[in-house]
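Source file: upload24.txt; contents: compact mmCIF, C-alpha atoms.
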# COMPACT_ATOMS: atom_id res chain seq x y z
CA MET A 1 0.00 0.00 0.00
CA SER A 2 1.41 3.32 -1.01
CA PHE A 3 1.94 6.35 1.19
CA GLN A 4 -0.80 8.27 -0.50
CA ALA A 5 -3.36 5.57 0.18
CA ILE A 6 -2.38 5.43 3.84
CA SER A 7 -2.65 9.18 4.13
CA ARG A 8 -6.11 9.15 2.62
CA ILE A 9 -7.40 6.61 5.11
CA GLY A 10 -5.51 7.68 8.24
CA LEU A 11 -6.08 11.45 8.14
CA PRO A 12 -9.87 11.34 8.44
CA THR A 13 -9.60 8.70 11.13
CA VAL A 14 -7.28 10.84 13.21
CA LEU A 15 -9.54 13.88 12.87
CA GLY A 16 -12.59 11.88 13.95
CA ILE A 17 -10.87 10.50 17.01
CA SER A 18 -9.72 14.02 17.96
CA LEU A 19 -13.26 15.48 17.75
CA ILE A 20 -14.64 12.68 19.91
CA SER A 21 -11.95 13.07 22.57
CA ILE A 22 -12.44 16.89 23.06
CA PRO A 23 -15.95 16.74 24.72
CA THR A 24 -14.81 13.81 26.80
CA ALA A 25 -11.90 15.82 28.12
CA LEU A 26 -14.14 18.78 28.89
CA ASN A 27 -16.56 16.61 30.83
CA GLU A 28 -13.72 15.04 32.85
CA SER A 29 -12.21 18.48 33.69
CA LYS A 30 -15.37 19.75 35.53
CA PRO A 31 -17.83 17.67 37.45
CA SER A 32 -21.26 17.55 35.83
CA ARG A 33 -24.50 18.78 37.51
CA SER A 34 -28.12 18.45 36.78
CA PHE A 35 -30.03 21.36 35.16
CA TYR A 36 -32.47 21.51 38.09
CA GLU A 37 -29.78 21.22 40.71
CA GLN A 38 -29.35 24.29 42.98
CA ASP A 39 -26.48 26.47 41.91
CA ASP A 40 -24.54 27.68 44.96
CA ASP A 41 -22.22 29.81 42.89
CA LEU A 42 -24.99 32.20 41.75
CA ASN A 43 -25.81 35.19 44.00
CA LEU A 44 -29.53 34.63 44.38
CA SER A 45 -31.63 36.65 46.88
CA PRO A 46 -33.06 34.58 49.69
CA VAL A 47 -36.72 33.72 49.47
CA ILE A 48 -38.81 35.31 52.27
CA GLU A 49 -41.57 33.10 53.46
CA THR A 50 -44.76 35.09 54.22
CA GLN A 51 -47.11 34.11 56.93
CA PRO A 52 -50.60 33.28 55.74
CA VAL A 53 -53.19 36.02 56.45
CA GLU A 54 -55.62 34.98 59.06
CA THR A 55 -59.16 35.56 57.91
CA ILE A 56 -62.08 35.92 60.24
CA PRO A 57 -64.80 33.54 59.30
CA LEU A 58 -68.04 35.25 58.39
CA GLU A 59 -70.95 34.08 60.36
CA LYS A 60 -74.40 34.27 58.96
CA THR A 61 -76.71 36.74 60.68
CA LYS A 62 -79.28 34.92 62.61
CA THR A 63 -82.77 36.22 62.24
CA PRO A 64 -84.29 36.53 65.69
CA LYS A 65 -87.40 34.59 66.22
CA ASN A 66 -88.98 37.08 68.62
CA ASP A 67 -88.52 40.64 69.83
CA THR A 68 -86.51 39.70 72.91
CA GLU A 69 -83.84 37.75 71.04
CA VAL A 70 -80.50 39.48 70.42
CA LYS A 71 -79.21 39.64 66.84
CA SER A 72 -75.43 39.38 66.32
CA THR A 73 -73.69 41.04 63.37
CA PHE A 74 -70.00 41.24 62.47
CA ILE A 75 -68.88 44.59 61.04
CA ASP A 76 -65.17 45.06 60.24
CA GLY A 77 -64.30 42.20 62.53
CA TYR A 78 -66.28 43.53 65.50
CA LYS A 79 -69.24 41.70 66.88
CA ILE A 80 -72.26 43.91 67.41
CA ASN A 81 -75.30 42.75 69.28
CA THR A 82 -78.62 44.43 68.58
CA SER A 83 -82.10 43.85 69.90
CA ASN A 84 -84.82 43.29 67.36
CA PHE A 85 -87.36 45.06 69.59
CA LEU A 86 -85.15 48.14 70.01
CA GLU A 87 -84.18 48.27 66.35
CA THR A 88 -87.79 48.00 65.15
CA HIS A 89 -89.05 50.74 67.45
CA LEU A 90 -86.12 53.04 66.71
CA ASN A 91 -86.74 52.68 62.97
CA THR A 92 -90.42 53.45 63.50
CA LEU A 93 -89.59 56.49 65.64
CA ARG A 94 -87.06 57.69 63.07
CA SER A 95 -89.57 57.38 60.23
CA LYS A 96 -92.25 59.28 62.16
CA THR A 97 -89.78 62.01 63.12
CA ILE A 98 -88.68 62.45 59.51
CA ASN A 99 -92.30 62.61 58.35
CA GLN A 100 -93.17 65.23 60.96
CA LEU A 101 -90.12 67.31 60.02
CA ASN A 102 -91.06 67.11 56.35
CA ILE A 103 -94.62 68.22 57.17
CA ALA A 104 -93.34 71.11 59.30
CA ASP A 105 -90.95 72.18 56.55
CA ALA A 106 -93.76 72.11 53.98
CA GLU A 107 -96.03 74.16 56.27
CA LEU A 108 -93.24 76.68 56.87
CA ASN A 109 -92.70 77.03 53.12
CA ASN A 110 -96.45 77.55 52.61
CA LEU A 111 -96.57 80.24 55.31
CA THR A 112 -93.54 81.97 53.84
CA SER A 113 -95.07 81.94 50.38
CA ALA A 114 -98.39 83.26 51.72
CA PHE A 115 -96.61 86.06 53.60
CA LYS A 116 -94.67 87.05 50.48
CA ASN A 117 -97.89 87.08 48.46
CA GLU A 118 -99.59 89.31 51.03
CA VAL A 119 -96.65 91.72 51.07
CA ASN A 120 -96.63 91.85 47.28
CA ALA A 121 -100.40 92.49 47.30
CA VAL A 122 -99.96 95.38 49.76
CA TYR A 123 -97.19 96.86 47.63
CA SER A 124 -99.34 96.56 44.52
CA HIS A 125 -102.29 98.27 46.28
CA ILE A 126 -100.07 101.10 47.52
CA TYR A 127 -98.61 101.58 44.06
CA SER A 128 -102.10 101.53 42.51
CA VAL A 129 -103.43 104.34 44.75
CA TYR A 130 -100.38 106.57 44.26
CA ASP A 131 -100.79 109.27 41.63
CA PRO A 132 -97.50 110.17 39.91
CA ARG A 133 -98.70 113.77 39.55
CA ASP A 134 -98.27 114.15 43.31
CA GLN A 135 -94.65 114.70 44.25
CA PHE A 136 -94.29 111.98 46.82
CA LEU A 137 -91.12 112.85 48.73
CA PRO A 138 -91.71 116.55 49.55
CA SER A 139 -95.47 116.06 50.00
CA PHE A 140 -94.87 113.13 52.36
CA ILE A 141 -92.41 115.23 54.38
CA TYR A 142 -94.98 118.03 54.65
CA ALA A 143 -97.71 115.62 55.75
CA LEU A 144 -95.38 114.06 58.32
CA THR A 145 -94.44 117.49 59.64
CA THR A 146 -98.15 118.31 60.00
CA THR A 147 -98.70 115.12 61.97
CA LEU A 148 -95.82 115.86 64.32
CA THR A 149 -97.08 119.40 64.78
CA GLY A 150 -100.49 118.13 65.84
CA SER A 151 -98.86 115.74 68.28
CA ILE A 152 -96.74 118.53 69.79
CA LEU A 153 -99.68 120.91 70.16
CA VAL A 154 -101.67 118.46 72.31
CA ASN A 155 -98.71 117.06 74.20
CA ARG A 156 -100.08 118.11 77.59
CA ARG A 157 -103.72 117.42 76.86
CA SER A 158 -105.77 114.45 77.91
CA LEU A 159 -105.15 111.00 76.45
CA PRO A 160 -108.11 110.92 73.99
CA ILE A 161 -107.10 114.26 72.52
CA ARG A 162 -103.46 113.17 72.22
CA PHE A 163 -104.63 110.08 70.39
CA VAL A 164 -107.16 111.69 68.03
CA SER A 165 -105.37 114.95 67.23
CA PRO A 166 -102.35 113.44 65.36
CA LEU A 167 -104.72 111.34 63.24
CA LEU A 168 -106.76 114.40 62.30
CA PHE A 169 -103.65 116.42 61.46
CA ALA A 170 -102.21 113.49 59.44
CA THR A 171 -105.45 113.15 57.45
CA LEU A 172 -105.53 116.89 56.84
CA GLY A 173 -101.90 116.94 55.68
CA PHE A 174 -102.48 113.91 53.47
CA LYS A 175 -105.50 115.57 51.84
CA VAL A 176 -103.77 118.94 51.35
CA PHE A 177 -100.32 117.84 50.13
CA LEU A 178 -101.31 114.59 48.31
CA PRO A 179 -104.83 115.32 47.06
CA ARG A 180 -105.02 112.89 44.15
CA THR A 181 -103.48 110.05 46.12
CA PHE A 182 -105.89 110.84 48.97
CA ASP A 183 -108.90 110.58 46.62
CA ASN A 184 -107.64 107.25 45.26
CA THR A 185 -107.16 105.97 48.80
CA VAL A 186 -110.68 106.97 49.77
CA ASN A 187 -112.09 105.17 46.71
CA VAL A 188 -110.12 102.02 47.55
CA VAL A 189 -111.38 102.09 51.15
CA ARG A 190 -114.96 102.57 49.97
CA ASN A 191 -114.68 99.66 47.54
CA TRP A 192 -113.25 97.47 50.29
CA GLU A 193 -116.07 98.44 52.62
CA ALA A 194 -118.65 97.74 49.88
CA GLU A 195 -117.22 94.24 49.39
CA SER A 196 -116.49 93.31 53.00
CA TYR A 197 -118.83 95.46 55.13
CA PRO A 198 -121.74 96.74 53.02
CA GLU A 199 -123.81 97.54 56.12
CA LEU A 200 -121.08 99.81 57.46
CA LEU A 201 -120.89 101.59 54.12
CA ASN A 202 -124.67 102.09 54.06
CA PHE A 203 -124.52 103.45 57.61
CA GLN A 204 -121.81 105.93 56.60
CA ARG A 205 -123.81 106.98 53.57
CA SER A 206 -126.93 107.52 55.69
CA ILE A 207 -124.92 109.64 58.14
CA LYS A 208 -123.43 111.63 55.29
CA LYS A 209 -126.90 112.12 53.78
CA PHE A 210 -128.27 113.22 57.15
CA ILE A 211 -125.46 115.73 57.56
CA ILE A 212 -126.04 117.11 54.07
CA VAL A 213 -129.80 117.37 54.63
CA SER A 214 -129.25 118.99 58.03
CA GLU A 215 -126.79 121.44 56.52
CA GLU A 216 -129.24 122.32 53.76
CA GLN A 217 -132.04 122.76 56.29
CA ALA A 218 -129.81 124.93 58.45
CA ILE A 219 -128.89 127.09 55.46
CA LYS A 220 -132.52 127.33 54.42
CA SER A 221 -133.61 128.20 57.98
CA SER A 222 -130.89 130.83 58.18
CA GLN A 223 -132.03 132.33 54.90
CA ASP A 224 -135.67 132.29 56.02
CA LEU A 225 -134.73 133.89 59.31
CA ASN A 226 -132.70 136.53 57.52
CA ASN A 227 -135.54 137.21 55.12
CA SER A 228 -138.05 137.42 57.94
CA LEU A 229 -135.76 139.76 59.84
CA ILE A 230 -135.34 141.99 56.80
CA SER A 231 -139.10 141.96 56.25
CA THR A 232 -139.72 142.84 59.90
CA ILE A 233 -137.24 145.71 59.81
CA HIS A 234 -138.76 146.95 56.57
CA ASP A 235 -142.26 146.87 58.01
CA LEU A 236 -141.05 148.63 61.13
CA ARG A 237 -139.46 151.42 59.10
CA THR A 238 -142.55 151.75 57.00
CA SER A 239 -144.71 152.05 60.07
CA LEU A 240 -142.42 154.66 61.60
CA THR A 241 -142.44 156.85 58.48
CA LYS A 242 -146.19 157.09 58.38

Would you kindly transcribe this structure into structure tokens?
Amino acid sequence: MSFQAISRIGLPTVLGISLISIPTALNESKPSRSFYEQDDDLNLSPVIETQPVETIPLEKTKTPKNDTEVKSTFIDGYKINTSNFLETHLNTLRSKTINQLNIADAELNNLTSAFKNEVNAVYSHIYSVYDPRDQFLPSFIYALTTTLTGSILVNRRSLPIRFVSPLLFATLGFKVFLPRTFDNTVNVVRNWEAESYPELLNFQRSIKKFIIVSEEQAIKSSQDLNNSLISTIHDLRTSLTK
């Protein structure tokens, strides 16, 4: 066998043996370990074992069979005992109290609304009787001054006079300084009397009629007396000249 033939066969054989022997040498140089075996050479953080959380068992609420039995309830880990009798009556009392408060609040709102309506009605009536042709501010000051003057004049008089005199002076000042507003006010008062108290209005009208008739009779009597006096004096002069 020639040298070339030996080289062709031996060279691949030598290379194969060399490749097989390299892993074997590596395995013999370091001891082998399993993949799942704990590696002491790695710097791993220690595992902290946590204690299991203790849970409070939830107990079902027992429905009391009668009013005297105590009902137990767990709220946030605390046991609370309640009486069915006390709880029922407190709920009833609470409901009645809330209903009464709601009724009182509704009544208060109704009274407030009624008061506001009455005030608005008074304002509307006052504005309706006022005549813009009357200068309100100076005329009101004059009427007020007249009222105070009447009160000062009768300061040392008897009580009835001190009570009546300011009213008379106020009415006089109102009529003189606010004449159109005074007439409107009188008409409003008459209309109110005709609607609410017709008998009083008829009585006032009869008194007014009686005063007018009496005044006319007094004037007529005065004229008759004057005429009779003139006639008597004339007859007396005529008799004296004869």

Atom CA of A:Ile141 to atom CA of A:Arg190: how many Å, to one decimal?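 Going from atom CA of A:Ile141 over to atom CA of A:Arg190, I get 26.2 Å.
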
Find the residues around A:Gly150 up to 8 Å (only C-alpha atoms counted), leave out those fewer than 3 positions away in its own chain, and share them as number ranges by chain. A: 146-147, 153-154, 165-166, 169

If we count all atoms listed in the file and set the cut-off at 12 Å, which residues sit around A:Pro132, ignoring sequence neighbours fewer than 2 positions away in its own chain? Please answer as number ranges by chain. A: 127-130, 134-137, 139, 178-181, 184

Which residue gives the smallest distance to A:Asp183 among A:Thr171, A:Ser83, A:Gln217, A:Ser196, with only C-alpha atoms counted?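 Nearest candidate to A:Asp183 out of A:Thr171, A:Ser83, A:Gln217, A:Ser196: A:Thr171.
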
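In this model, the gap between atom CA of A:Val164 and atom CA of A:Val122 comes to 25.5 Å.
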
Enter the distance from atom CA of A:Arg205 to atom CA of A:Ser124, in Å, rounded to one decimal.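 Here the two named atoms are 28.1 Å from each other.
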